[in-house]
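Here is the file final-v4.cif (mmCIF, C-alpha atoms).
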```
data_input
loop_
_atom_site.label_atom_id
_atom_site.label_comp_id
_atom_site.auth_asym_id
_atom_site.auth_seq_id
_atom_site.Cartn_x
_atom_site.Cartn_y
_atom_site.Cartn_z
CA MET A 1 7.84 94.12 -0.83
CA TYR A 2 8.10 97.05 1.54
CA ARG A 3 5.65 97.82 4.32
CA VAL A 4 5.01 101.20 5.88
CA VAL A 5 2.77 101.53 8.90
CA GLY A 6 1.46 104.97 9.81
CA LEU A 7 -0.18 105.41 13.18
CA CYS A 8 -2.06 108.28 14.74
CA ALA A 9 -3.72 108.55 18.12
CA LEU A 10 -7.45 108.65 18.14
CA MET A 11 -7.45 111.93 20.08
CA GLY A 12 -10.98 112.66 21.20
CA MET A 13 -12.29 109.27 20.01
CA ILE A 14 -9.85 107.42 22.24
CA SER A 15 -10.61 109.63 25.24
CA SER A 16 -14.23 108.54 24.97
CA VAL A 17 -13.24 104.90 24.93
CA ALA A 18 -12.68 103.13 28.19
CA PHE A 19 -9.52 101.36 27.17
CA ALA A 20 -7.65 104.60 26.23
CA GLN A 21 -6.94 105.99 29.73
CA ASP A 22 -3.23 106.82 29.27
CA VAL A 23 -3.00 107.42 25.52
CA GLY A 24 -1.56 110.88 26.14
CA HIS A 25 1.47 109.41 27.96
CA THR A 26 2.56 106.99 25.23
CA SER A 27 3.55 107.94 21.67
CA PRO A 28 1.77 105.93 18.99
CA LEU A 29 5.07 105.70 17.12
CA THR A 30 6.66 103.74 20.00
CA ALA A 31 3.61 101.72 20.87
CA PRO A 32 3.98 97.91 21.05
CA GLU A 33 2.49 95.58 18.44
CA ALA A 34 -1.26 95.37 18.73
CA ASP A 35 -2.45 92.21 20.46
CA ILE A 36 -6.04 92.36 19.28
CA LEU A 37 -7.32 93.63 15.93
CA ILE A 38 -10.47 95.63 16.66
CA ALA A 39 -11.43 96.56 13.09
CA ARG A 40 -10.18 96.27 9.55
CA ILE A 41 -11.72 98.20 6.70
CA ASP A 42 -13.24 95.86 4.12
CA ASP A 43 -11.45 96.02 0.77
CA SER A 44 -13.60 93.45 -1.03
CA ASP A 45 -14.62 96.07 -3.59
CA LEU A 46 -10.97 96.50 -4.54
CA ARG A 47 -10.59 92.76 -4.95
CA ASP A 48 -13.50 92.76 -7.41
CA GLU A 49 -11.73 95.20 -9.75
CA GLU A 50 -10.04 93.78 -12.87
CA THR A 51 -6.32 93.19 -12.83
CA LEU A 52 -4.07 94.63 -15.51
CA ASP A 53 -3.92 91.27 -17.27
CA GLN A 54 -7.70 91.07 -17.25
CA LEU A 55 -7.96 94.57 -18.68
CA MET A 56 -5.47 93.61 -21.39
CA LYS A 57 -7.61 90.61 -22.32
CA ILE A 58 -10.77 92.74 -22.39
CA GLU A 59 -9.11 95.28 -24.68
CA TYR A 60 -7.74 92.53 -26.96
CA ASP A 61 -11.11 90.75 -27.19
CA ARG A 62 -12.80 94.07 -28.03
CA ASP A 63 -10.52 95.03 -30.92
CA LYS A 64 -9.38 91.66 -32.32
CA MET A 65 -10.64 90.32 -35.65
CA SER A 66 -12.08 86.87 -36.16
CA MET A 67 -10.03 84.48 -38.26
CA GLY A 68 -13.11 82.35 -38.84
CA ALA A 69 -15.12 85.31 -40.13
CA ALA A 70 -12.37 86.33 -42.57
CA VAL A 71 -11.84 82.83 -43.94
CA GLY A 72 -15.50 81.86 -43.93
CA SER A 73 -16.71 84.97 -45.74
CA SER A 74 -14.13 84.34 -48.46
CA PHE A 75 -16.20 81.30 -49.52
CA ILE A 76 -18.93 83.64 -50.74
CA PRO A 77 -18.57 83.96 -54.56
CA GLY A 78 -16.37 86.93 -55.28
CA ALA A 79 -13.86 85.83 -52.63
CA GLY A 80 -12.96 89.37 -51.57
CA TRP A 81 -15.35 89.53 -48.63
CA GLY A 82 -12.72 88.29 -46.16
CA LEU A 83 -10.45 91.20 -47.09
CA MET A 84 -13.40 93.57 -46.82
CA TYR A 85 -13.98 92.25 -43.28
CA ALA A 86 -10.27 92.80 -42.56
CA LYS A 87 -10.70 96.43 -43.72
CA LYS A 88 -8.56 95.99 -46.84
CA PRO A 89 -10.93 97.16 -49.61
CA VAL A 90 -8.14 97.98 -52.07
CA GLN A 91 -6.67 94.47 -51.83
CA ALA A 92 -10.18 93.00 -52.12
CA VAL A 93 -10.44 94.39 -55.66
CA ILE A 94 -8.03 91.69 -56.90
CA PRO A 95 -10.11 88.59 -56.04
CA PHE A 96 -13.27 90.45 -57.05
CA ALA A 97 -11.78 91.26 -60.47
CA LEU A 98 -10.49 87.72 -61.01
CA SER A 99 -13.90 86.35 -60.07
CA ALA A 100 -15.69 88.66 -62.47
CA VAL A 101 -13.45 87.64 -65.39
CA GLY A 102 -13.59 83.92 -64.59
CA TYR A 103 -17.33 83.75 -63.97
CA GLY A 104 -18.05 85.87 -67.04
CA LEU A 105 -15.94 83.67 -69.31
CA GLY A 106 -17.36 80.48 -67.83
CA ALA A 107 -20.93 81.71 -68.31
CA ALA A 108 -20.19 82.62 -71.94
CA TYR A 109 -18.95 79.07 -72.65
CA LEU A 110 -21.83 77.52 -70.70
CA PHE A 111 -24.52 79.37 -72.64
CA GLY A 112 -23.05 78.66 -76.06
CA ALA A 113 -21.22 81.84 -77.00
CA PHE A 114 -18.31 79.79 -78.32
CA ASP A 115 -20.19 76.76 -79.68
CA THR A 116 -19.28 75.72 -83.24
CA GLU A 117 -20.46 73.16 -85.78
CA LYS A 118 -18.89 71.50 -88.80
CA THR A 119 -19.71 73.30 -92.03
CA GLU A 120 -20.09 71.54 -95.40
CA ILE A 121 -17.96 73.20 -98.08
CA CYS A 122 -16.85 72.62 -101.68
CA ARG A 123 -13.12 72.31 -102.29
CA HIS A 124 -11.21 72.52 -105.57
CA LYS A 125 -8.61 69.78 -105.13
CA PRO A 126 -5.93 70.91 -107.61
CA SER A 127 -5.67 74.32 -105.97
CA SER A 128 -6.65 73.11 -102.47
CA SER A 129 -8.94 76.10 -102.15
CA ARG A 130 -12.49 76.50 -101.01
CA VAL A 131 -14.90 77.43 -103.78
CA GLY A 132 -18.59 78.10 -104.04
CA ASP A 133 -20.84 75.25 -102.95
CA ASP A 134 -22.55 75.24 -106.35
CA GLU A 135 -19.32 74.28 -108.17
CA CYS A 136 -19.39 70.79 -106.66
CA LYS A 137 -22.83 70.25 -108.27
CA ARG A 138 -22.12 71.52 -111.77
CA GLY A 139 -20.39 68.37 -113.04
CA THR A 140 -23.52 66.27 -112.40
CA ARG A 141 -26.12 68.82 -113.36
CA PRO A 142 -27.66 67.94 -116.79
CA PHE A 143 -28.46 70.51 -119.39
CA ASP A 144 -32.06 71.70 -119.22
CA PRO A 145 -33.13 74.45 -121.62
CA ASN A 146 -36.22 75.14 -119.49
CA LEU A 147 -34.06 76.15 -116.51
CA GLU A 148 -31.72 78.54 -118.25
CA PRO A 149 -29.77 80.56 -117.45
CA ARG A 150 -27.75 78.29 -115.18
CA ILE A 151 -24.37 76.60 -115.24
CA ASP A 152 -24.52 72.87 -115.89
CA ASN A 153 -22.19 70.05 -116.89
CA GLN A 154 -22.03 71.29 -120.47
CA ASP A 155 -20.51 74.65 -119.54
CA PRO A 156 -16.71 75.09 -119.64
CA ASP A 157 -14.88 75.02 -116.32
CA PRO A 158 -12.83 78.22 -115.95
CA ARG A 159 -10.62 76.41 -113.40
CA SER A 160 -9.52 73.82 -115.96
CA ALA A 161 -6.08 74.04 -117.53
CA ASP A 162 -7.38 75.29 -120.88
CA ARG A 163 -10.41 77.03 -119.31
CA MET A 164 -12.53 75.29 -121.93
CA THR A 165 -13.00 71.77 -120.54
CA PRO A 166 -16.68 71.20 -119.67
CA TYR A 167 -17.68 70.52 -116.10
CA PHE A 168 -18.68 66.91 -116.75
CA ASN A 169 -14.98 66.24 -117.43
CA THR A 170 -13.67 68.15 -114.40
CA GLN A 171 -16.17 67.02 -111.77
CA GLY A 172 -13.41 64.88 -110.18
CA ASP A 173 -11.52 68.09 -109.36
CA TYR A 174 -14.19 69.04 -106.87
CA GLU A 175 -15.18 67.43 -103.57
CA VAL A 176 -17.59 68.10 -100.74
CA THR A 177 -15.84 68.24 -97.38
CA PHE A 178 -16.26 69.85 -93.94
CA ALA A 179 -14.66 72.85 -92.28
CA GLY A 180 -14.41 73.44 -88.56
CA GLU A 181 -15.61 71.07 -85.83
CA ASP A 182 -18.51 70.46 -83.55
CA PHE A 183 -17.90 72.06 -80.17
CA ASP A 184 -20.27 72.36 -77.20
CA GLY A 185 -18.86 74.77 -74.60
CA ALA A 186 -21.15 73.73 -71.71
CA GLU A 187 -18.62 71.36 -70.16
CA THR A 188 -15.78 73.83 -70.61
CA GLY A 189 -17.92 76.55 -69.03
CA LEU A 190 -18.58 74.42 -65.95
CA VAL A 191 -14.87 73.68 -65.57
CA ILE A 192 -14.01 77.38 -65.82
CA LEU A 193 -16.69 78.32 -63.26
CA ALA A 194 -15.55 75.66 -60.79
CA GLY A 195 -11.88 76.54 -61.28
CA THR A 196 -12.58 80.23 -60.80
CA TYR A 197 -14.40 79.54 -57.54
CA VAL A 198 -11.64 77.31 -56.15
CA VAL A 199 -8.77 79.60 -57.11
CA THR A 200 -10.35 82.89 -56.02
CA THR A 201 -11.72 81.39 -52.79
CA ALA A 202 -8.31 80.00 -51.86
CA LEU A 203 -6.69 83.34 -52.65
CA GLY A 204 -9.23 85.35 -50.66
CA ALA A 205 -9.23 82.97 -47.67
CA VAL A 206 -5.45 82.81 -47.35
CA TRP A 207 -4.98 86.53 -47.91
CA GLY A 208 -7.80 87.46 -45.53
CA GLY A 209 -6.58 85.04 -42.87
CA LEU A 210 -3.01 86.34 -43.01
CA THR A 211 -4.27 89.92 -42.82
CA VAL A 212 -6.36 89.17 -39.72
CA LYS A 213 -3.45 87.30 -38.11
CA ALA A 214 -1.11 90.26 -38.72
CA HIS A 215 -3.70 92.65 -37.24
CA ASN A 216 -4.23 90.52 -34.11
CA ASP A 217 -0.48 90.01 -33.58
CA GLN A 218 0.15 93.76 -33.82
CA LEU A 219 -2.78 94.48 -31.51
CA ARG A 220 -1.39 92.07 -28.90
CA LYS A 221 2.07 93.63 -29.14
CA ASP A 222 0.67 97.15 -28.74
CA ILE A 223 -1.39 96.14 -25.69
CA GLU A 224 1.52 94.31 -24.06
CA SER A 225 3.84 97.27 -24.71
CA THR A 226 1.35 99.66 -23.11
CA ALA A 227 0.93 97.33 -20.13
CA GLN A 228 4.68 97.10 -19.59
CA ASN A 229 4.92 100.89 -19.52
CA ARG A 230 2.14 101.04 -16.96
CA ARG A 231 3.86 98.47 -14.76
CA ARG A 232 7.07 100.51 -14.79
CA ASP A 233 5.38 103.86 -14.21
CA VAL A 234 2.79 102.93 -11.56
CA PRO A 235 3.98 100.98 -8.48
CA ALA A 236 1.54 98.57 -6.93
CA VAL A 237 0.49 100.08 -3.58
CA VAL A 238 -2.00 98.43 -1.25
CA ALA A 239 -3.39 100.52 1.63
CA GLN A 240 -5.06 98.82 4.57
CA PRO A 241 -6.48 100.93 7.44
CA LEU A 242 -6.45 99.22 10.85
CA ILE A 243 -7.92 99.84 14.33
CA ALA A 244 -6.21 97.91 17.12
CA TYR A 245 -6.45 97.43 20.91
CA THR A 246 -3.46 96.29 22.99
CA GLY A 247 -5.35 95.66 26.19
CA ASP A 248 -4.89 99.13 27.66
CA ARG A 249 -4.46 101.32 24.58
CA GLY A 250 -6.30 101.85 21.29
CA TYR A 251 -4.64 102.73 17.97
CA PHE A 252 -5.65 103.74 14.46
CA GLY A 253 -3.19 102.57 11.74
CA LEU A 254 -2.71 102.68 7.96
CA ARG A 255 -0.57 99.92 6.41
CA LEU A 256 0.94 100.46 2.96
CA ASP A 257 2.28 97.45 1.01
CA PHE A 258 4.35 98.19 -2.13
#
```
Starting from the file, lay out its structure as structure tokens.
Amino acid sequence: MYRVVGLCALMGMISSVAFAQDVGHTSPLTAPEADILIARIDDSDLRDEETLDQLMKIEYDRDKMSMGAAVGSSFIPGAGWGLMYAKKPVQAVIPFALSAVGYGLGAAYLFGAFDTEKTEICRHKPSSSRVGDDECKRGTRPFDPNLEPRIDNQDPDPRSADRMTPYFNTQGDYEVTFAGEDFDGAETGLVILAGTYVVTTALGAVWGGLTVKAHNDQLRKDIESTAQNRRRDVPAVVAQPLIAYTGDRGYFGLRLDF
């Protein structure tokens, strides 16, 4: 810390003061140290001004992003709101798209779009093929001349080996069975909806939080770099005007601390 003290005689002011009778005979530059401090200019206003560190904090608080806001908003269905808050709309498309697909598929299962039921069918056992449902009834259907034309147990079975054997002899070649299965997609739909929410929310929260952290870290580095440049370029200088009285002389002084 260096100190420079500049002094100047009070000229006409001193001549009007009773204690400055011989100021013209003594140089202010060779004057002795003042014994009594008559006045000191108040610098309380300067002390109230923010320091550089305080200004850095104000600037950081103004431009920083909230980690809580980014993570918390990601819990809204869609999960891309945290990235939207972090000003990353392109990246936010990914969790939004995944949410749309997952929620759409889950809703389809929940409301029965994929529900199935067992279906009763007629199967020809020797060929292991599905045939018309009526063929399983022909072997037990009696002849009735009042209901003609219809195929009954007296008609030849074209699936028999000689194609001439009547149905009452080939009824054992046919059986009623079921195709498919009963399936209710409501439970599956709920699982898909819950899984979509968990996965997309986790993705959006982590991605949004990391984006905000990277932004805040870069902001802090930029502010600290700017502050370091200011400290190198601008020396800290404190000026303090003084008025002093030595007992027989009066002086006006300006002290510079740097």
Near Arg150 (chain A), within 10 Å and counting all atoms listed in the file, which residues show up once chain neighbours fewer than 5 positions away are dropped, as a PDB file with C-alpha atoms, in the frame of the given file?
```
ATOM      1  CA  ARG A 138     -22.120  71.520-111.770  1.00  0.00           C
ATOM      2  CA  ARG A 141     -26.120  68.820-113.360  1.00  0.00           C
ATOM      3  CA  PHE A 143     -28.460  70.510-119.390  1.00  0.00           C
ATOM      4  CA  ASP A 144     -32.060  71.700-119.220  1.00  0.00           C
ATOM      5  CA  PRO A 145     -33.130  74.450-121.620  1.00  0.00           C
ATOM      6  CA  ASP A 155     -20.510  74.650-119.540  1.00  0.00           C
TER       7      ASP A 155
END
```
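Atom pair CA of Met56 (chain A) / CA of His215 (chain A) has a distance of 16.0 Å (rounded to one decimal).
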Dump as a tab-separated table the rows for residues of region 91-129 of chain A within 7 Å of region 198-214 of chain A: closest atom pair and distance in Å with one decimal, only C-alpha atoms counted, ordered by chain and rising residue number.
```
residue	atom	partner	partner_atom	distance
A:Pro95	CA	A:Thr200	CA	5.7
A:Leu98	CA	A:Thr200	CA	6.9
A:Ser99	CA	A:Thr200	CA	6.4
```
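In this structure, CA of Gly180 (chain A) sits 4.9 Å away from CA of Lys118 (chain A).
For the atom pair formed by CA of Thr165 (chain A) and CA of Ser128 (chain A), the distance is 19.2 Å, given to one decimal.
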Problem set entry | Expansion of the PyMOL selection byres ((chain A and resi 100) around 12) into residues, as a VMD selection string | chain A and resid 77 to 80 93 to 99 101 to 107 192 to 193 196 to 197 200
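Using all atoms listed in the file for every distance, the candidate list A:Leu55, A:Leu190, A:Ala108, A:Cys136 yields A:Leu55 as the residue closest to Glu224 (chain A).
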Exercise. Written as a list of chain:residue names, what is the full residue list that the PyMOL selection byres ((chain A and resi 132) around 12) yields on the file shown?
Worked result: A:Glu120, A:Ile121, A:Cys122, A:Arg123, A:His124, A:Ser129, A:Arg130, A:Val131, A:Asp133, A:Asp134, A:Glu135, A:Cys136, A:Lys137, A:Arg138, A:Tyr174, A:Glu175, A:Val176
For this session: Could you give me, as a ChimeraX atom specification, the residues within 10 Å of Asn216 (chain A), counting only C-alpha atoms and dropping anything in the same chain fewer than 3 positions from it?
Result: /A:60-61,63-67,210-213,219-222
Export C-alpha atoms of the chosen residues as a PDB file, in the coordinates of the input?
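Dumped to selection-v8.pdb:
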```
ATOM      1  CA  TYR A  60      -7.740  92.530 -26.960  1.00  0.00           C
ATOM      2  CA  ASP A  61     -11.110  90.750 -27.190  1.00  0.00           C
ATOM      3  CA  ASP A  63     -10.520  95.030 -30.920  1.00  0.00           C
ATOM      4  CA  LYS A  64      -9.380  91.660 -32.320  1.00  0.00           C
ATOM      5  CA  MET A  65     -10.640  90.320 -35.650  1.00  0.00           C
ATOM      6  CA  SER A  66     -12.080  86.870 -36.160  1.00  0.00           C
ATOM      7  CA  MET A  67     -10.030  84.480 -38.260  1.00  0.00           C
ATOM      8  CA  LEU A 210      -3.010  86.340 -43.010  1.00  0.00           C
ATOM      9  CA  THR A 211      -4.270  89.920 -42.820  1.00  0.00           C
ATOM     10  CA  VAL A 212      -6.360  89.170 -39.720  1.00  0.00           C
ATOM     11  CA  LYS A 213      -3.450  87.300 -38.110  1.00  0.00           C
ATOM     12  CA  LEU A 219      -2.780  94.480 -31.510  1.00  0.00           C
ATOM     13  CA  ARG A 220      -1.390  92.070 -28.900  1.00  0.00           C
ATOM     14  CA  LYS A 221       2.070  93.630 -29.140  1.00  0.00           C
ATOM     15  CA  ASP A 222       0.670  97.150 -28.740  1.00  0.00           C
TER      16      ASP A 222
END
```
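Remark: for Phe111 (chain A), the closest of the candidate residues A:Thr51, A:Gln228, A:Thr188, A:Asn153 is A:Thr188 (distances computed over only C-alpha atoms).
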Exercise. What's the 6 Å shell around region 167-171 of chain A, counting all atoms listed in the file, without same-chain residues fewer than 5 positions away, as a ChimeraX atom specification?
Worked result: /A:139,153,156-157
Selected residues, C-alpha atoms, written as a PDB file, in the frame of the given file, please.
```pdb
ATOM      1  CA  GLY A 139     -20.390  68.370-113.040  1.00  0.00           C
ATOM      2  CA  ASN A 153     -22.190  70.050-116.890  1.00  0.00           C
ATOM      3  CA  PRO A 156     -16.710  75.090-119.640  1.00  0.00           C
ATOM      4  CA  ASP A 157     -14.880  75.020-116.320  1.00  0.00           C
TER       5      ASP A 157
END
```
